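**Student:** For reference, the file work.txt (compact mmCIF, C-alpha atoms) is included below:
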```txt
# COMPACT_ATOMS: atom_id res chain seq x y z
CA MET K 1 -22.64 27.57 -5.89
CA SER K 2 -20.99 26.53 -2.63
CA HIS K 3 -20.78 29.82 -0.84
CA LEU K 4 -19.52 28.23 2.39
CA ALA K 5 -16.18 27.32 0.87
CA PRO K 6 -13.15 29.59 1.43
CA VAL K 7 -12.40 29.31 -2.31
CA PRO K 8 -15.35 30.14 -4.59
CA HIS K 9 -16.41 27.05 -6.54
CA ASP K 10 -16.81 28.55 -10.00
CA THR K 11 -16.13 27.06 -13.42
CA ALA K 12 -12.40 27.80 -13.05
CA TYR K 13 -12.35 25.85 -9.77
CA TYR K 14 -13.97 22.78 -11.36
CA ALA K 15 -11.69 23.04 -14.41
CA LYS K 16 -8.62 23.00 -12.14
CA CYS K 17 -10.05 19.99 -10.28
CA MET K 18 -10.59 18.22 -13.62
CA LEU K 19 -6.99 18.86 -14.64
CA GLY K 20 -5.82 17.61 -11.23
CA GLY K 21 -7.86 14.43 -11.85
CA VAL K 22 -6.25 13.93 -15.28
CA LEU K 23 -2.78 14.06 -13.69
CA ALA K 24 -3.76 11.95 -10.67
CA CYS K 25 -5.31 9.04 -12.57
CA GLY K 26 -3.50 9.17 -15.93
CA LEU K 27 0.05 9.25 -14.53
CA THR K 28 -0.45 6.68 -11.77
CA HIS K 29 -2.32 4.08 -13.83
CA ALA K 30 0.07 4.38 -16.78
CA GLY K 31 3.06 4.16 -14.41
CA ILE K 32 2.00 0.80 -13.01
CA THR K 33 1.19 -0.85 -16.35
CA PRO K 34 3.65 -3.75 -15.65
CA LEU K 35 1.81 -4.62 -12.40
CA ASP K 36 -1.48 -4.46 -14.28
CA VAL K 37 -0.17 -6.82 -16.97
CA ALA K 38 0.86 -9.29 -14.23
CA LYS K 39 -2.51 -8.99 -12.43
CA CYS K 40 -4.51 -9.56 -15.64
CA ASN K 41 -2.37 -12.58 -16.52
CA MET K 42 -2.84 -14.09 -13.04
CA GLN K 43 -6.62 -13.60 -13.18
CA VAL K 44 -7.04 -14.91 -16.72
CA ASN K 45 -4.49 -17.73 -16.66
CA PRO K 46 -3.79 -18.68 -12.99
CA ALA K 47 -2.39 -22.10 -13.92
CA LYS K 48 0.42 -20.53 -15.95
CA TYR K 49 0.93 -17.35 -13.93
CA THR K 50 0.93 -18.36 -10.27
CA GLY K 51 2.42 -15.24 -8.67
CA LEU K 52 3.62 -11.71 -9.29
CA THR K 53 7.06 -12.74 -10.57
CA SER K 54 5.68 -15.37 -12.96
CA GLY K 55 2.99 -12.89 -14.03
CA LEU K 56 5.77 -10.55 -15.09
CA GLU K 57 8.33 -13.16 -16.17
CA GLY K 58 8.90 -13.78 -19.82
CA GLN K 59 6.74 -10.78 -20.55
CA THR K 60 8.59 -8.94 -23.24
CA GLY K 61 5.60 -6.65 -23.21
CA ILE K 62 5.42 -5.53 -19.61
CA TRP K 63 4.43 -2.09 -20.91
CA LYS K 64 1.71 -3.57 -23.14
CA GLY K 65 -1.41 -1.42 -23.08
CA PHE K 66 0.41 1.75 -21.92
CA GLY K 67 -1.30 3.96 -24.56
CA PRO K 68 -4.95 3.11 -23.86
CA THR K 69 -4.21 3.09 -20.12
CA LEU K 70 -2.80 6.64 -20.19
CA VAL K 71 -5.60 8.07 -22.34
CA GLY K 72 -8.43 6.06 -20.74
CA TYR K 73 -7.53 6.81 -17.14
CA SER K 74 -6.74 10.48 -17.86
CA LEU K 75 -10.31 10.84 -19.16
CA GLN K 76 -11.65 8.81 -16.25
CA GLY K 77 -9.75 10.95 -13.72
CA MET K 78 -10.99 14.15 -15.31
CA PHE K 79 -14.62 13.15 -14.74
CA LYS K 80 -14.09 11.19 -11.51
CA TYR K 81 -12.44 14.03 -9.58
CA GLY K 82 -13.84 17.01 -11.47
CA LEU K 83 -17.45 15.87 -11.40
CA TYR K 84 -17.11 14.66 -7.78
CA GLU K 85 -16.51 18.31 -6.81
CA VAL K 86 -19.44 19.41 -8.99
CA PHE K 87 -21.89 16.82 -7.60
CA LYS K 88 -20.70 17.28 -4.01
CA ASP K 89 -21.54 20.99 -4.26
CA LEU K 90 -24.78 20.32 -6.13
CA TYR K 91 -26.04 17.84 -3.53
CA SER K 92 -24.87 20.07 -0.64
CA ASP K 93 -26.84 22.97 -2.11
CA LEU K 94 -29.92 20.78 -2.63
CA ALA K 95 -29.73 19.53 0.96
CA GLY K 96 -29.28 23.00 2.44
CA GLU K 97 -26.57 24.11 4.87
CA GLU K 98 -27.74 22.23 7.96
CA ASN K 99 -28.46 18.90 6.26
CA ALA K 100 -25.26 19.11 4.21
CA LYS K 101 -23.27 19.15 7.46
CA LYS K 102 -25.42 16.48 9.07
CA TYR K 103 -25.40 14.07 6.13
CA LYS K 104 -21.86 14.66 4.88
CA PRO K 105 -21.09 10.92 4.34
CA ALA K 106 -24.26 10.51 2.21
CA ILE K 107 -23.15 13.46 0.05
CA TRP K 108 -19.66 11.94 -0.40
CA LEU K 109 -21.28 8.65 -1.49
CA ALA K 110 -23.84 10.20 -3.83
CA GLY K 111 -21.30 12.61 -5.35
CA SER K 112 -18.69 9.96 -6.05
CA ALA K 113 -21.25 7.48 -7.47
CA SER K 114 -22.70 10.11 -9.81
CA ALA K 115 -19.26 11.18 -11.04
CA GLU K 116 -18.16 7.58 -11.67
CA VAL K 117 -21.14 6.84 -13.95
CA PHE K 118 -19.75 9.41 -16.43
CA ALA K 119 -16.11 8.57 -15.77
CA ASP K 120 -16.68 4.93 -16.79
CA ILE K 121 -18.46 5.82 -20.03
CA ALA K 122 -15.29 7.71 -21.01
CA LEU K 123 -13.01 4.89 -19.83
CA CYS K 124 -14.87 1.83 -21.17
CA PRO K 125 -13.69 1.61 -24.84
CA LEU K 126 -10.08 2.19 -23.76
CA GLU K 127 -10.25 -0.25 -20.83
CA MET K 128 -11.62 -2.97 -23.15
CA THR K 129 -8.78 -2.32 -25.61
CA LYS K 130 -6.19 -2.40 -22.80
CA VAL K 131 -7.44 -5.74 -21.40
CA LYS K 132 -7.48 -7.25 -24.91
CA ILE K 133 -3.89 -6.11 -25.57
CA GLN K 134 -2.69 -7.40 -22.21
CA THR K 135 -4.39 -10.79 -22.17
CA SER K 136 -4.14 -11.84 -25.83
CA PRO K 137 -1.44 -14.45 -26.54
CA SER K 138 1.59 -12.91 -28.24
CA GLY K 139 1.09 -12.25 -31.93
CA THR K 140 -2.70 -12.71 -31.93
CA PHE K 141 -3.62 -9.06 -31.36
CA PRO K 142 -1.85 -5.78 -32.23
CA THR K 143 -0.09 -4.15 -29.26
CA SER K 144 0.25 -0.61 -30.63
CA PHE K 145 -2.50 1.79 -29.55
CA GLY K 146 -3.83 2.86 -32.97
CA ALA K 147 -3.79 -0.61 -34.51
CA ALA K 148 -5.44 -2.13 -31.42
CA LEU K 149 -8.29 0.42 -31.51
CA ALA K 150 -8.82 -0.21 -35.23
CA GLU K 151 -8.89 -3.99 -34.60
CA MET K 152 -11.42 -3.61 -31.76
CA ARG K 153 -13.63 -1.48 -34.00
CA LYS K 154 -13.33 -3.92 -36.92
CA ASN K 155 -14.30 -6.96 -34.81
CA LYS K 156 -17.15 -5.28 -32.91
CA VAL K 157 -19.22 -8.48 -32.83
CA ASP K 158 -16.46 -10.46 -31.11
CA THR K 159 -14.98 -7.71 -28.96
CA ARG K 160 -18.31 -6.08 -27.95
CA TYR K 161 -16.55 -2.73 -28.49
CA PRO K 162 -17.06 0.09 -27.43
CA PHE K 163 -19.39 -0.45 -24.44
CA GLY K 164 -19.58 -4.23 -24.02
CA SER K 165 -17.85 -4.11 -20.63
CA LEU K 166 -19.68 -1.03 -19.35
CA VAL K 167 -22.01 -2.87 -16.93
CA PRO K 168 -19.25 -4.97 -15.29
CA LEU K 169 -17.07 -1.84 -15.28
CA TRP K 170 -19.81 0.08 -13.47
CA SER K 171 -20.28 -2.82 -11.04
CA ARG K 172 -16.55 -2.76 -10.29
CA GLN K 173 -15.89 0.99 -10.36
CA ILE K 174 -18.97 2.55 -8.75
CA PRO K 175 -18.74 0.63 -5.41
CA TYR K 176 -14.95 1.03 -5.60
CA THR K 177 -15.12 4.81 -6.14
CA MET K 178 -17.78 5.25 -3.45
CA ALA K 179 -15.54 3.35 -1.02
CA LYS K 180 -12.45 5.25 -2.21
CA PHE K 181 -13.94 8.72 -1.74
CA PHE K 182 -15.94 7.85 1.39
CA PHE K 183 -13.06 6.19 3.26
CA PHE K 184 -10.63 8.86 2.11
CA GLU K 185 -12.85 11.71 3.38
CA LYS K 186 -13.63 9.76 6.59
CA ILE K 187 -9.97 8.92 7.36
CA VAL K 188 -8.91 12.53 6.68
CA GLN K 189 -11.68 13.63 9.04
CA LEU K 190 -10.47 11.20 11.73
CA PHE K 191 -6.87 12.43 11.37
CA TYR K 192 -7.92 16.06 11.81
CA THR K 193 -10.35 15.22 14.63
CA HIS K 194 -8.18 12.91 16.75
CA VAL K 195 -4.53 13.24 15.72
CA PHE K 196 -3.90 16.66 14.20
CA THR K 197 -6.39 18.53 16.35
CA GLU K 198 -5.37 22.14 15.62
CA PRO K 199 -7.22 23.98 12.81
CA LYS K 200 -6.25 22.41 9.47
CA GLU K 201 -4.78 25.61 7.99
CA THR K 202 -2.25 25.87 10.86
CA TYR K 203 -0.44 22.76 9.54
CA SER K 204 2.20 23.05 6.83
CA LYS K 205 1.41 22.00 3.25
CA SER K 206 3.76 19.02 3.59
CA THR K 207 1.95 17.81 6.75
CA GLN K 208 -1.43 18.21 5.04
CA LEU K 209 -0.18 16.31 1.98
CA GLY K 210 1.26 13.59 4.23
CA ILE K 211 -2.20 13.17 5.77
CA THR K 212 -3.64 13.08 2.24
CA PHE K 213 -1.25 10.28 1.19
CA ALA K 214 -1.80 8.16 4.34
CA SER K 215 -5.58 8.50 4.07
CA GLY K 216 -5.48 7.65 0.37
CA TYR K 217 -3.33 4.57 0.97
CA LEU K 218 -5.60 3.21 3.72
CA ALA K 219 -8.74 3.95 1.68
CA GLY K 220 -7.14 2.10 -1.27
CA VAL K 221 -6.57 -1.09 0.73
CA VAL K 222 -10.25 -1.21 1.73
CA CYS K 223 -11.28 -0.55 -1.88
CA ALA K 224 -9.11 -3.31 -3.31
CA ILE K 225 -10.76 -5.92 -1.10
CA VAL K 226 -14.30 -4.67 -1.77
CA SER K 227 -14.02 -4.55 -5.57
CA HIS K 228 -11.78 -7.54 -6.30
CA PRO K 229 -14.43 -10.12 -7.33
CA ALA K 230 -15.86 -7.74 -9.98
CA ASP K 231 -12.34 -6.88 -11.15
CA SER K 232 -11.60 -10.59 -11.68
CA ILE K 233 -14.77 -10.94 -13.79
CA VAL K 234 -13.81 -7.96 -16.00
CA SER K 235 -10.41 -9.63 -16.66
CA LEU K 236 -11.98 -13.06 -17.28
CA MET K 237 -14.48 -11.64 -19.79
CA GLY K 238 -11.57 -10.81 -22.11
CA LYS K 239 -10.51 -14.49 -22.21
CA PRO K 240 -11.37 -16.29 -25.50
CA ALA K 241 -12.61 -19.37 -23.57
CA HIS K 242 -15.36 -17.24 -22.02
CA LYS K 243 -16.62 -15.75 -25.27
CA GLY K 244 -20.39 -15.33 -25.21
CA LYS K 245 -20.75 -16.36 -21.55
CA SER K 246 -22.76 -14.26 -19.11
CA VAL K 247 -21.27 -12.67 -15.99
CA GLY K 248 -23.23 -15.14 -13.81
CA GLN K 249 -21.90 -18.11 -15.77
CA ILE K 250 -18.28 -16.95 -15.48
CA ALA K 251 -18.77 -16.29 -11.75
CA SER K 252 -20.25 -19.71 -10.96
CA GLU K 253 -17.61 -21.55 -13.01
CA THR K 254 -14.74 -19.70 -11.33
CA GLY K 255 -16.13 -19.81 -7.79
CA ILE K 256 -16.44 -16.93 -5.30
CA VAL K 257 -13.27 -17.81 -3.35
CA ALA K 258 -11.12 -17.70 -6.48
CA LEU K 259 -12.82 -14.49 -7.64
CA ALA K 260 -12.23 -12.84 -4.28
CA THR K 261 -8.63 -14.00 -3.71
CA LYS K 262 -6.79 -14.68 -7.01
CA GLY K 263 -4.33 -11.83 -7.48
CA LEU K 264 -5.66 -9.99 -4.39
CA GLY K 265 -2.27 -9.56 -2.65
CA THR K 266 -0.83 -7.84 -5.72
CA ARG K 267 -3.93 -5.71 -6.05
CA VAL K 268 -3.88 -4.58 -2.38
CA ILE K 269 -0.31 -3.30 -2.81
CA MET K 270 -1.15 -1.87 -6.22
CA ILE K 271 -4.38 -0.08 -5.26
CA GLY K 272 -3.11 1.12 -1.86
CA THR K 273 -0.08 2.78 -3.42
CA LEU K 274 -2.08 3.94 -6.42
CA THR K 275 -4.84 5.56 -4.36
CA GLY K 276 -2.31 7.15 -1.99
CA PHE K 277 -0.43 8.71 -4.91
CA GLN K 278 -3.62 9.73 -6.75
CA TRP K 279 -4.91 11.73 -3.81
CA TRP K 280 -1.42 13.11 -3.19
CA ILE K 281 -1.00 14.27 -6.83
CA TYR K 282 -4.55 15.65 -6.87
CA ASP K 283 -4.11 17.59 -3.62
CA THR K 284 -0.59 18.76 -4.54
CA PHE K 285 -2.01 20.16 -7.77
CA LYS K 286 -4.98 21.73 -5.95
CA SER K 287 -2.62 23.30 -3.36
CA SER K 288 -0.33 24.67 -6.05
CA MET K 289 -3.39 26.29 -7.64
CA GLY K 290 -4.30 27.87 -4.30
CA LEU K 291 -7.35 25.65 -3.72
CA GLY K 292 -6.12 23.89 -0.54
CA THR K 293 -6.20 20.14 0.20
CA THR K 294 -9.31 17.94 0.22
CA GLY K 295 -11.28 17.14 3.38
CA GLY K 296 -11.05 18.18 7.00
CA LYS K 297 -13.04 18.03 10.24
```
Mind turning the file's structure into structure tokens?

**Tutor:**
Amino acid sequence: MSHLAPVPHDTAYYAKCMLGGVLACGLTHAGITPLDVAKCNMQVNPAKYTGLTSGLEGQTGIWKGFGPTLVGYSLQGMFKYGLYEVFKDLYSDLAGEENAKKYKPAIWLAGSASAEVFADIALCPLEMTKVKIQTSPSGTFPTSFGAALAEMRKNKVDTRYPFGSLVPLWSRQIPYTMAKFFFFEKIVQLFYTHVFTEPKETYSKSTQLGITFASGYLAGVVCAIVSHPADSIVSLMGKPAHKGKSVGQIASETGIVALATKGLGTRVIMIGTLTGFQWWIYDTFKSSMGLGTTGGK
């Protein structure tokens, strides 16, 4: 496929990238479950949970939703990163060598958007289960993974399982992923163009991975701000008081300022760190497999 690359992009290459994506997304999302519990509580019940500490306080279940988070985001990461590499090569080949260089940013955007469509289909049933576990008042919904899935399946009409949240999930994740991959690739490019100006391969692995982490962190901060209103809506949809309401109805009742700012500080820290570590884990895995780090001039 992509014959320009120093490493041939064959099925083994994409499989390694998929495995890197599983590790990058599954481990990081599962590891910050307590922050996610706090964020969901603050979005769904801001009167009771006013800040990060109160969002966590009194939560015996700060690891609530760990199971579906680990499985859901491992699947999402597999498609998000693995298919990004596939689509990036596919679109580069379709564009031809000259255009692929000229329209690199467009290829990053198209590749990441295409990959995320599939990644969210895999994530959706597990994300819905996770939000339900995390935002249901104690004792009203099972917290163990198997029982929660069974309950979601049993009450399909109420829970809209398995794909009830797919459209809001797409509206949150596709712009977010496009921003995440675009800004990451762009910031890496800026680092190698203006700061680390020698050829990329002359820098040590640890320097390259440091650039990966910094670029990922900065890209994450931009992403958090861009996708926060949609993220708030996804959390609010799980609230019993909003049962049967449309996205537009929930948005107008909550107000754009609240949607854009409630829980944003926590999310900026969370997504910045998360994105930095995801790219770092992904590139560390790719390097260890002899595939080199992502991006460059």

**Student:** If we draw a sphere of 9 Å around (-20.9, 5.5, -9.7), which residues have at least one atom in it when counting all atoms listed in the file? Please report them as a list in words.

**Tutor:**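 Output of the proximity query reads Leu109, Ala110, Gly111, Ser112, Ala113, Ser114, Ala115, Glu116, Val117, Phe118, Ala119, Asp120, Trp170, Ser171, Gln173, Ile174, Pro175, Tyr176, Thr177 and Met178 of chain K.
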
**Student:** So that I can see what lies close to region 145-150 of chain K, please list as a list in words the residues with an atom at most 10 Å from it, counting only C-alpha atoms and leaving out residues fewer than 4 positions away in the same chain.

**Tutor:**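 Selected residues are Lys64, Gly65, Phe66, Gly67, Pro68, Thr69, Pro125, Leu126, Met128, Thr129, Lys130, Lys132, Ile133, Phe141, Lys154, Asn155, Tyr161 and Pro162 of chain K.
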
**Student:** Quick one: residues within 10 Å of (-0.8, -6.4, -16.2) (file frame), counting all atoms listed in the file, please, as a list in words.

**Tutor:**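 Final list of nearby residues, as requested, is Ile32, Thr33, Pro34, Leu35, Asp36, Val37, Ala38, Lys39, Cys40, Asn41, Met42, Gln43, Leu52, Gly55, Leu56, Gln59, Gly61, Ile62, Trp63, Lys64, Gly65, Lys130, Val131, Ile133, Gln134 and Thr135 of chain K.
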
**Student:** Smallest atom-to-atom distance to Lys262 (chain K): which of K:His194, K:Lys245, K:His228, K:His9, using only C-alpha atoms?

**Tutor:** K:His228

**Student:** Ranking K:Thr275, K:Ser288, K:Ser215, K:Thr202 by minimum distance to Leu190 (chain K) and counting all atoms listed in the file, which one comes first?

**Tutor:**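 Closest candidate: K:Ser215.
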
**Student:** Can you work out the spacing between CA of Val71 (chain K) and CA of Leu123 (chain K) in Å, to one decimal?

**Tutor:**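 These atoms are spaced 8.4 Å apart.
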
**Student:** Considering only C-alpha atoms, can you say which of K:Ser232, K:Thr143, K:Thr273, K:Ser206 comes closest to Ile256 (chain K)?

**Tutor:**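 Among the listed residues, the smallest separation from Ile256 (chain K) belongs to K:Ser232.
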
**Student:** Given the choices K:Lys80, K:Lys205, K:Lys101, K:Arg267, which gets closest to Gly51 (chain K) if the distance is worked out from only C-alpha atoms?

**Tutor:**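 Among the listed residues, K:Arg267 lies closest to Gly51 (chain K).
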
**Student:** Could you give me, as a list in words, the residues within 12 Å of Thr254 (chain K), counting all atoms listed in the file and dropping anything in the same chain fewer than 6 positions from it?

**Tutor:** Gln43, Val44, Asn45, Pro46, Pro229, Ser232, Ile233, Leu236, Met237, His242, Val247, Gly248, Ala260, Thr261 and Lys262 of chain K

**Student:** I need the chosen residues saved as a PDB file, in the frame of the given file, with C-alpha atoms.

**Tutor:**
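What ended up in out-v2.pdb:
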```pdb
ATOM      1  CA  GLN K  43      -6.620 -13.600 -13.180  1.00  0.00           C
ATOM      2  CA  VAL K  44      -7.040 -14.910 -16.720  1.00  0.00           C
ATOM      3  CA  ASN K  45      -4.490 -17.730 -16.660  1.00  0.00           C
ATOM      4  CA  PRO K  46      -3.790 -18.680 -12.990  1.00  0.00           C
ATOM      5  CA  PRO K 229     -14.430 -10.120  -7.330  1.00  0.00           C
ATOM      6  CA  SER K 232     -11.600 -10.590 -11.680  1.00  0.00           C
ATOM      7  CA  ILE K 233     -14.770 -10.940 -13.790  1.00  0.00           C
ATOM      8  CA  LEU K 236     -11.980 -13.060 -17.280  1.00  0.00           C
ATOM      9  CA  MET K 237     -14.480 -11.640 -19.790  1.00  0.00           C
ATOM     10  CA  HIS K 242     -15.360 -17.240 -22.020  1.00  0.00           C
ATOM     11  CA  VAL K 247     -21.270 -12.670 -15.990  1.00  0.00           C
ATOM     12  CA  GLY K 248     -23.230 -15.140 -13.810  1.00  0.00           C
ATOM     13  CA  ALA K 260     -12.230 -12.840  -4.280  1.00  0.00           C
ATOM     14  CA  THR K 261      -8.630 -14.000  -3.710  1.00  0.00           C
ATOM     15  CA  LYS K 262      -6.790 -14.680  -7.010  1.00  0.00           C
TER      16      LYS K 262
END
```

**Student:** Nearest to Gly77 (chain K): which of K:Trp279, K:Ala95, K:Ala47, K:Ser287 is it, counting all atoms listed in the file?

**Tutor:**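 Comparing K:Trp279, K:Ala95, K:Ala47, K:Ser287 against Gly77 (chain K), the winner is K:Trp279.
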
**Student:** Rank K:Cys124, K:Ser136, K:Lys286, K:Cys25 by their smallest atom-to-atom distance to Leu274 (chain K), using all atoms listed in the file, and report the top residue only.

**Tutor:**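 Between K:Cys124, K:Ser136, K:Lys286, K:Cys25, the residue approaching Leu274 (chain K) most closely is K:Cys25.
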
**Student:** By how many Å are CA of Val226 (chain K) and CA of Val86 (chain K) apart?

**Tutor:**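 If I compute the distance from CA of Val226 (chain K) to CA of Val86 (chain K), I get 25.7 Å.
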
**Student:** For CA of Gly164 (chain K) and CA of Tyr73 (chain K), quote the distance in Å rounded to one decimal.

**Tutor:**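 Between these atoms lies a distance of 17.7 Å.
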
**Student:** Return the padded bounding box of region 131-136 of chain K as lines of an AutoDock Vina configuration file: axis-aligned, built from all atoms listed in the file, 6 Å added on each side, with centre and edge lengths in Å to one decimal.

**Tutor:**
```
center_x = -5.1
center_y = -8.8
center_z = -23.6
size_x = 16.8
size_y = 18.1
size_z = 16.4
```

**Student:** Excluding same-chain residues fewer than 6 positions from Leu218 (chain K), what lies within 10 Å of it counting all atoms listed in the file, as a short mmCIF file (atom, residue, chain, number, x, y, z; two decimals) with C-alpha atoms, keeping the file's coordinate frame?

**Tutor:**
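Listed below is the output, out.cif:
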```
data_model
loop_
_atom_site.label_atom_id
_atom_site.label_comp_id
_atom_site.auth_asym_id
_atom_site.auth_seq_id
_atom_site.Cartn_x
_atom_site.Cartn_y
_atom_site.Cartn_z
CA LYS K 180 -12.45 5.25 -2.21
CA PHE K 183 -13.06 6.19 3.26
CA PHE K 184 -10.63 8.86 2.11
CA ILE K 187 -9.97 8.92 7.36
CA ILE K 271 -4.38 -0.08 -5.26
CA GLY K 272 -3.11 1.12 -1.86
CA THR K 273 -0.08 2.78 -3.42
CA THR K 275 -4.84 5.56 -4.36
CA GLY K 276 -2.31 7.15 -1.99
#
```

**Student:** Give me the residues within 10 Å of Phe196 (chain K) as a ChimeraX atom specification, counting only C-alpha atoms and dropping any in the same chain fewer than 6 places off.

**Tutor:** /K:188-190,202-203,207-208,211
